[in-house]
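K.L.:
First the structure, then my questions, so here it is.
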2 protein chains.
Amino acid sequence: MAAPSSEAERQRDKERTRADILAVATREFADKGYTGARVDEIAARTSTTKRMIYYYFGGKEQLYIAVLEQAYSALRASEQRLDVEHLDPEDALRRLAALTFDHHEANPDFIRLVSIENIHRAEHLSQSEILAGLADPALGAITRILERGRKAGLFREDVDALDVHMVISSFCVFRLANRHTFQAIFGRDMLDPGRREHYRAMLGTLLIEYLTAR
Amino acid sequence: MAAPSSEAERQRDKERTRADILAVATREFADKGYTGARVDEIAARTSTTKRMIYYYFGGKEQLYIAVLEQAYSALRASEQRLDVEHLDPEDALRRLAALTFDHHEANPDFIRLVSIENIHRAEHLSQSEILAGLADPALGAITRILERGRKAGLFREDVDALDVHMVISSFCVFRLANRHTFQAIFGRDMLDPGRREHYRAMLGTLLIEYLTAR
DNA sequence: CGATTAATGTACGAACTAGTACGTTCACGG
DNA sequence: CCGTGAACGTACTAGTTCGTACATTAATCG
């Protein structure tokens, strides 16, 4: 039994402990918000103790920043895999919008973290050296699609990639982020599976009709 | 000096004290969130004491619910004043979208309260007997515009008033609610006065092009 | 004008919460 | 196989925060 180094039976594992804390913290922060989250609660749901949170991360705020960094990095990684360059501009945009739609729906915790961070005026996000100013891969894709569409004389000229990204994001984010008050007031669940396809297609058409308007 | 009843020189004034607390609480909750808001802080900025918060509202949670009720009521009152029935369907919708756009921009605190309430899964909003299920006047207006537009053969049939309301809201809400992370990541301030008219017009065109698509 | 009640102010407590001092155990190199 | 430092656990503290007991003052009505 020389070196169990990278094996699973290790009892002390820096990486494992860190990852465990981070995963639990992500759920707690997304669930309760930054102020509402409890360090003791995170520790309790971890297989380790509160001492380790301070040992590895330094404090509640730094742990929260680490959670944000990991969440954004995961999103970027997933976006980098989207491949729409081979499609014609219209289909490419429809595809990209649908993928964003799916991605948001599959990651409600991320949306909640973004909402929470906005309530705090992005003061933690701005502190992160990793994230501040790190460009979004989706934006590059939109830029290239718009360029191709304009060259082909299909798309209007008075909108840039960020504008398009904003329309897509607002639609997808609103559907998840404001679901609860919307449901409470209008009685409609925007996440109802029966209406999913309607909304998914609607976003694509909304964009295309706007961009290709006479 | 018989009865100074409804005069301003009164020292003890139920209405005045209540309204004062509510106004200060609105700012504190919108600023810090429900969990982040401090009852002592609200009391300190009031012209009265913490004792009065408990005397008039009962507790932190009930005060927060009262804040929500007042904020929503103010919105409804303002929406009820919008008059677009005399315009043709296209102009009416453009007008309504622009007014919603303006209204959101003018009430950032309300947007923040809604975001905060959604983080809490609308658990407080649902508790309010006044608000739960109270319909939005804007929705009635949209319903009538769509009806007229369809009768005139202008608008598509596969969208209802709530869908349209959702597109308008998501655009206007996102611009304010997600301003900070958007700014931190993309470096663009969605509230920049120089881009205001662009966005305002964009929303109207987005809706019309979609609704009038061939 | 005296008494009753509504409205207000002060001081305090019990529970919670982020963070830490201090002690312990395990892995690994020599 | 032993010493050293990294990884981990326990118990505690200082400060905060919601809520309340108790005292007090102003309005109102008979």
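Simple scheme: letters A, B, ... for chains in structure tokens order, numbers from 1 for residues in each chain, numbers from 1 for ligands in the order shown.
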List the neighbours of C:DG29 out to 12 Å using only C-alpha atoms (C1' of nucleotides); skip same-chain residues closer than 6 positions along the sequence, and give me the result as a list in words.

P.N.:
DC1, DC2, DG3, DT4 and DG5 of chain D

K.L.:
Write a file of the selected residues as a compact mmCIF listing (two decimals), in the first residue's frame, keeping C-alpha atoms (C1' of nucleotides).

P.N.:
# COMPACT_ATOMS: atom_id res chain seq x y z
C1' DC D 1 9.77 4.78 12.16
C1' DC D 2 9.74 9.35 13.55
C1' DG D 3 9.40 14.37 12.98
C1' DT D 4 7.02 18.07 10.61
C1' DG D 5 3.51 20.37 8.56

K.L.:
Could you list, as a ChimeraX atom specification, every residue within 10 Å of stretch 12-27 of chain C, counting only C-alpha atoms (C1' of nucleotides) and ignoring same-chain residues fewer than 2 positions away?

P.N.:
/A:3,5,11-12,38-40,50-51,54,58-60 /C:10,29 /D:5-21

K.L.:
Select residues of chain A: the criterion is any atom within 9 Å of an atom of chain D, counting only C-alpha atoms (C1' of nucleotides); output as a ChimeraX atom specification.

P.N.:
/A:12-14,48-49,51-52

K.L.:
Since we have the selection now, will you write its residues out, keeping N, CA and C atoms, as a short mmCIF file (atom, residue, chain, number, x, y, z; two decimals), in the first residue's frame?

P.N.:
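So part.cif came out as:
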data_model
loop_
_atom_site.label_atom_id
_atom_site.label_comp_id
_atom_site.auth_asym_id
_atom_site.auth_seq_id
_atom_site.Cartn_x
_atom_site.Cartn_y
_atom_site.Cartn_z
N ARG A 12 -8.10 12.22 3.70
CA ARG A 12 -7.85 13.65 3.63
C ARG A 12 -7.61 14.03 2.19
N ASP A 13 -8.46 14.86 1.67
CA ASP A 13 -8.37 15.20 0.26
C ASP A 13 -8.74 16.66 0.04
N LYS A 14 -7.71 17.44 -0.20
CA LYS A 14 -7.86 18.89 -0.40
C LYS A 14 -8.92 19.20 -1.46
N THR A 48 -17.71 17.94 6.04
CA THR A 48 -16.65 18.46 6.91
C THR A 48 -17.22 19.54 7.84
N THR A 49 -16.38 20.38 8.41
CA THR A 49 -16.86 21.36 9.39
C THR A 49 -16.65 22.80 8.95
N ARG A 51 -14.88 25.02 10.22
CA ARG A 51 -13.46 25.39 10.24
C ARG A 51 -12.83 25.32 8.85
N MET A 52 -13.23 24.32 8.08
CA MET A 52 -12.67 24.10 6.75
C MET A 52 -13.07 25.17 5.76
#

K.L.:
Tell me, counting only C-alpha atoms (C1' of nucleotides), for each residue of chain C within 9 Å of chain B, which pair of atoms is nearest and how far apart they are in Å to one decimal, in rows ordered by chain and increasing number, as JSON lines.

P.N.:
{"residue": "C:DA7", "atom": "C1'", "partner": "B:Arg12", "partner_atom": "CA", "distance": 6.8}
{"residue": "C:DT8", "atom": "C1'", "partner": "B:Met52", "partner_atom": "CA", "distance": 7.4}
{"residue": "C:DG9", "atom": "C1'", "partner": "B:Thr49", "partner_atom": "CA", "distance": 7.3}

K.L.:
Pull out every residue of chain B sitting within 8 Å of chain A, counting only C-alpha atoms, and send them as a VMD selection string.

P.N.:
chain B and resid 31 to 33 35 to 36 112 114 to 122 125 to 126 131 to 136 167 170 to 171 173 to 175 177 to 181 184 to 187 205 to 207 209 to 210 213

K.L.:
Save out the residues we just selected, C-alpha atoms, as a compact mmCIF listing (two decimals), in the first residue's frame.

P.N.:
# COMPACT_ATOMS: atom_id res chain seq x y z
CA ASP B 31 -31.91 48.54 -0.98
CA LYS B 32 -30.87 45.58 1.17
CA GLY B 33 -33.41 42.85 0.49
CA THR B 35 -33.06 39.45 5.00
CA GLY B 36 -30.50 42.21 4.65
CA ARG B 112 -35.83 45.64 -6.94
CA VAL B 114 -40.06 42.34 -7.27
CA SER B 115 -36.63 40.74 -7.76
CA ILE B 116 -36.25 40.33 -4.02
CA GLU B 117 -39.68 38.82 -3.70
CA ASN B 118 -38.88 36.33 -6.46
CA ILE B 119 -35.72 35.25 -4.67
CA HIS B 120 -38.07 34.42 -1.80
CA ARG B 121 -40.34 32.57 -4.24
CA ALA B 122 -43.18 35.07 -3.71
CA LEU B 125 -46.80 38.16 -1.87
CA SER B 126 -48.87 34.99 -1.61
CA LEU B 131 -52.56 41.37 -3.76
CA ALA B 132 -52.93 37.67 -4.41
CA GLY B 133 -54.88 37.37 -7.64
CA LEU B 134 -55.44 41.07 -8.12
CA ALA B 135 -55.38 41.58 -11.87
CA ASP B 136 -53.12 44.02 -13.64
CA VAL B 167 -42.26 40.22 -23.62
CA SER B 170 -38.98 40.96 -19.57
CA PHE B 171 -37.39 43.63 -21.74
CA VAL B 173 -37.39 44.56 -16.15
CA PHE B 174 -34.18 42.97 -17.41
CA ARG B 175 -32.78 46.33 -18.39
CA ALA B 177 -32.83 44.36 -12.73
CA ASN B 178 -29.78 42.89 -14.43
CA ARG B 179 -28.05 46.13 -15.11
CA HIS B 180 -25.20 45.56 -12.68
CA THR B 181 -23.98 42.13 -13.76
CA ALA B 184 -19.69 44.24 -14.98
CA ILE B 185 -19.42 41.62 -17.72
CA PHE B 186 -20.08 43.48 -20.96
CA GLY B 187 -19.10 46.97 -19.90
CA THR B 205 -40.68 47.63 -33.19
CA LEU B 206 -39.84 44.20 -31.78
CA LEU B 207 -43.47 43.72 -30.76
CA GLU B 209 -42.86 43.19 -36.33
CA TYR B 210 -43.60 40.00 -34.47
CA ALA B 213 -45.55 39.05 -39.41

K.L.:
Extract, using only C-alpha atoms (C1' of nucleotides), all DNA, RNA and protein residues at most 12 Å from A:Gly140, discarding same-chain residues fewer than 3 positions from it, and format them as a ChimeraX atom specification.

P.N.:
/A:76,79-80,82-85,96,135-137,143-147,160-162,164-165 /B:186

K.L.:
Deliver the residues from the most recent selection as a file, using C-alpha atoms, as a tab-separated table (two decimals), in the first residue's frame.

P.N.:
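See again-v5.tsv below for the written result:
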chain	number	residue	atom	x	y	z
A	76	ARG	CA	-18.93	29.81	-20.36
A	79	GLU	CA	-21.50	28.06	-24.31
A	80	GLN	CA	-18.15	27.44	-25.93
A	82	LEU	CA	-22.29	25.66	-29.22
A	83	ASP	CA	-21.67	25.34	-32.92
A	84	VAL	CA	-23.93	27.28	-35.28
A	85	GLU	CA	-21.39	28.53	-37.80
A	96	LEU	CA	-28.62	29.94	-30.57
A	135	ALA	CA	-16.17	38.08	-22.34
A	136	ASP	CA	-19.10	35.81	-23.05
A	137	PRO	CA	-18.52	33.24	-25.86
A	143	THR	CA	-21.55	38.91	-33.66
A	144	ARG	CA	-20.57	36.48	-36.44
A	145	ILE	CA	-24.19	35.54	-37.20
A	146	LEU	CA	-25.22	39.19	-37.47
A	147	GLU	CA	-22.30	39.93	-39.76
A	160	ASP	CA	-25.54	45.17	-32.47
A	161	ALA	CA	-24.73	41.79	-30.91
A	162	LEU	CA	-25.20	43.05	-27.36
A	164	VAL	CA	-29.61	40.86	-29.57
A	165	HIS	CA	-28.03	39.15	-26.58
B	186	PHE	CA	-20.08	43.48	-20.96

K.L.:
Determine which residues of stretch 31-98 of chain A receive a DSSP assignment of helix (DSSP H, G or I), computed from the backbone, and state them as a PyMOL selection string.

P.N.:
chain A and resi 31-36+39-45+50-56+60-80+89-98

K.L.:
The selected residues should be written to file as a compact mmCIF listing (two decimals), in the first residue's frame (atoms: N, CA and C atoms).

P.N.:
# COMPACT_ATOMS: atom_id res chain seq x y z
N ASP A 31 -30.29 29.44 -2.90
CA ASP A 31 -31.57 29.23 -2.23
C ASP A 31 -31.98 30.40 -1.34
N LYS A 32 -31.02 30.90 -0.55
CA LYS A 32 -31.34 31.90 0.46
C LYS A 32 -30.81 33.30 0.18
N GLY A 33 -29.97 33.44 -0.84
CA GLY A 33 -29.36 34.74 -1.08
C GLY A 33 -28.10 34.88 -0.25
N TYR A 34 -27.33 35.94 -0.54
CA TYR A 34 -26.06 36.09 0.17
C TYR A 34 -26.28 36.33 1.67
N THR A 35 -27.13 37.29 1.99
CA THR A 35 -27.37 37.62 3.39
C THR A 35 -28.12 36.50 4.10
N GLY A 36 -29.05 35.87 3.41
CA GLY A 36 -29.85 34.83 4.03
C GLY A 36 -29.11 33.52 4.26
N VAL A 39 -23.51 30.33 7.16
CA VAL A 39 -22.25 29.58 7.11
C VAL A 39 -22.39 28.28 7.90
N ASP A 40 -23.05 28.32 9.03
CA ASP A 40 -23.24 27.12 9.84
C ASP A 40 -24.07 26.07 9.09
N GLU A 41 -25.07 26.56 8.35
CA GLU A 41 -25.92 25.66 7.58
C GLU A 41 -25.12 24.97 6.48
N ILE A 42 -24.31 25.74 5.78
CA ILE A 42 -23.46 25.17 4.73
C ILE A 42 -22.54 24.11 5.33
N ALA A 43 -21.92 24.46 6.45
CA ALA A 43 -21.00 23.52 7.12
C ALA A 43 -21.72 22.23 7.50
N ALA A 44 -22.93 22.39 8.02
CA ALA A 44 -23.69 21.22 8.48
C ALA A 44 -23.99 20.25 7.35
N ARG A 45 -24.25 20.77 6.15
CA ARG A 45 -24.59 19.90 5.02
C ARG A 45 -23.35 19.37 4.32
N LYS A 50 -17.21 23.69 9.73
CA LYS A 50 -17.13 25.12 9.41
C LYS A 50 -15.68 25.60 9.36
N ARG A 51 -14.88 25.02 10.22
CA ARG A 51 -13.46 25.39 10.24
C ARG A 51 -12.83 25.32 8.85
N MET A 52 -13.23 24.32 8.08
CA MET A 52 -12.67 24.10 6.75
C MET A 52 -13.07 25.17 5.76
N ILE A 53 -14.27 25.74 5.93
CA ILE A 53 -14.70 26.83 5.06
C ILE A 53 -13.74 28.00 5.21
N TYR A 54 -13.39 28.29 6.45
CA TYR A 54 -12.47 29.40 6.69
C TYR A 54 -11.04 29.03 6.31
N TYR A 55 -10.74 27.74 6.44
CA TYR A 55 -9.40 27.26 6.07
C TYR A 55 -9.19 27.39 4.56
N TYR A 56 -10.15 26.98 3.78
CA TYR A 56 -9.99 26.98 2.33
C TYR A 56 -10.42 28.28 1.63
N LYS A 60 -17.15 34.05 4.56
CA LYS A 60 -18.42 33.93 3.85
C LYS A 60 -18.37 34.62 2.49
N GLU A 61 -17.87 35.84 2.48
CA GLU A 61 -17.85 36.61 1.24
C GLU A 61 -16.96 35.96 0.17
N GLN A 62 -15.78 35.53 0.56
CA GLN A 62 -14.88 34.90 -0.41
C GLN A 62 -15.44 33.57 -0.91
N LEU A 63 -16.15 32.88 -0.04
CA LEU A 63 -16.80 31.64 -0.46
C LEU A 63 -17.86 31.95 -1.52
N TYR A 64 -18.62 33.00 -1.27
CA TYR A 64 -19.67 33.41 -2.22
C TYR A 64 -19.07 33.80 -3.56
N ILE A 65 -17.97 34.53 -3.53
CA ILE A 65 -17.29 34.91 -4.78
C ILE A 65 -16.81 33.66 -5.51
N ALA A 66 -16.28 32.70 -4.78
CA ALA A 66 -15.82 31.44 -5.39
C ALA A 66 -17.00 30.71 -6.05
N VAL A 67 -18.16 30.77 -5.41
CA VAL A 67 -19.37 30.15 -5.97
C VAL A 67 -19.74 30.83 -7.29
N LEU A 68 -19.72 32.16 -7.30
CA LEU A 68 -20.02 32.92 -8.51
C LEU A 68 -19.04 32.58 -9.62
N GLU A 69 -17.76 32.54 -9.29
CA GLU A 69 -16.74 32.25 -10.29
C GLU A 69 -16.95 30.87 -10.91
N GLN A 70 -17.25 29.90 -10.08
CA GLN A 70 -17.45 28.56 -10.59
C GLN A 70 -18.70 28.47 -11.47
N ALA A 71 -19.77 29.14 -11.04
CA ALA A 71 -21.03 29.12 -11.80
C ALA A 71 -20.86 29.77 -13.17
N TYR A 72 -20.23 30.93 -13.21
CA TYR A 72 -20.01 31.61 -14.49
C TYR A 72 -19.08 30.81 -15.39
N SER A 73 -18.04 30.22 -14.81
CA SER A 73 -17.10 29.43 -15.61
C SER A 73 -17.80 28.25 -16.26
N ALA A 74 -18.68 27.60 -15.52
CA ALA A 74 -19.42 26.45 -16.05
C ALA A 74 -20.30 26.89 -17.23
N LEU A 75 -20.94 28.05 -17.10
CA LEU A 75 -21.77 28.58 -18.19
C LEU A 75 -20.94 28.85 -19.44
N ARG A 76 -19.81 29.49 -19.24
CA ARG A 76 -18.93 29.81 -20.36
C ARG A 76 -18.47 28.54 -21.07
N ALA A 77 -18.10 27.56 -20.28
CA ALA A 77 -17.62 26.29 -20.85
C ALA A 77 -18.71 25.65 -21.71
N SER A 78 -19.93 25.69 -21.22
CA SER A 78 -21.04 25.09 -21.97
C SER A 78 -21.33 25.90 -23.23
N GLU A 79 -21.22 27.21 -23.14
CA GLU A 79 -21.50 28.06 -24.31
C GLU A 79 -20.44 27.88 -25.40
N GLN A 80 -19.23 27.60 -24.96
CA GLN A 80 -18.15 27.44 -25.93
C GLN A 80 -18.37 26.23 -26.83
N PRO A 89 -27.77 32.31 -41.46
CA PRO A 89 -27.98 33.27 -40.38
C PRO A 89 -29.30 33.09 -39.61
N GLU A 90 -30.41 32.93 -40.31
CA GLU A 90 -31.70 32.80 -39.63
C GLU A 90 -31.75 31.58 -38.72
N ASP A 91 -31.37 30.44 -39.31
CA ASP A 91 -31.40 29.21 -38.52
C ASP A 91 -30.39 29.25 -37.38
N ALA A 92 -29.24 29.85 -37.67
CA ALA A 92 -28.21 29.96 -36.64
C ALA A 92 -28.72 30.73 -35.43
N LEU A 93 -29.40 31.84 -35.69
CA LEU A 93 -29.92 32.66 -34.61
C LEU A 93 -31.03 31.93 -33.84
N ARG A 94 -31.91 31.30 -34.59
CA ARG A 94 -32.97 30.51 -33.96
C ARG A 94 -32.38 29.45 -33.06
N ARG A 95 -31.36 28.77 -33.57
CA ARG A 95 -30.67 27.70 -32.84
C ARG A 95 -30.03 28.25 -31.56
N LEU A 96 -29.31 29.34 -31.71
CA LEU A 96 -28.62 29.94 -30.57
C LEU A 96 -29.62 30.37 -29.48
N ALA A 97 -30.72 30.97 -29.93
CA ALA A 97 -31.75 31.40 -28.98
C ALA A 97 -32.34 30.20 -28.25
N ALA A 98 -32.61 29.12 -28.99
CA ALA A 98 -33.19 27.91 -28.40
C ALA A 98 -32.23 27.27 -27.40
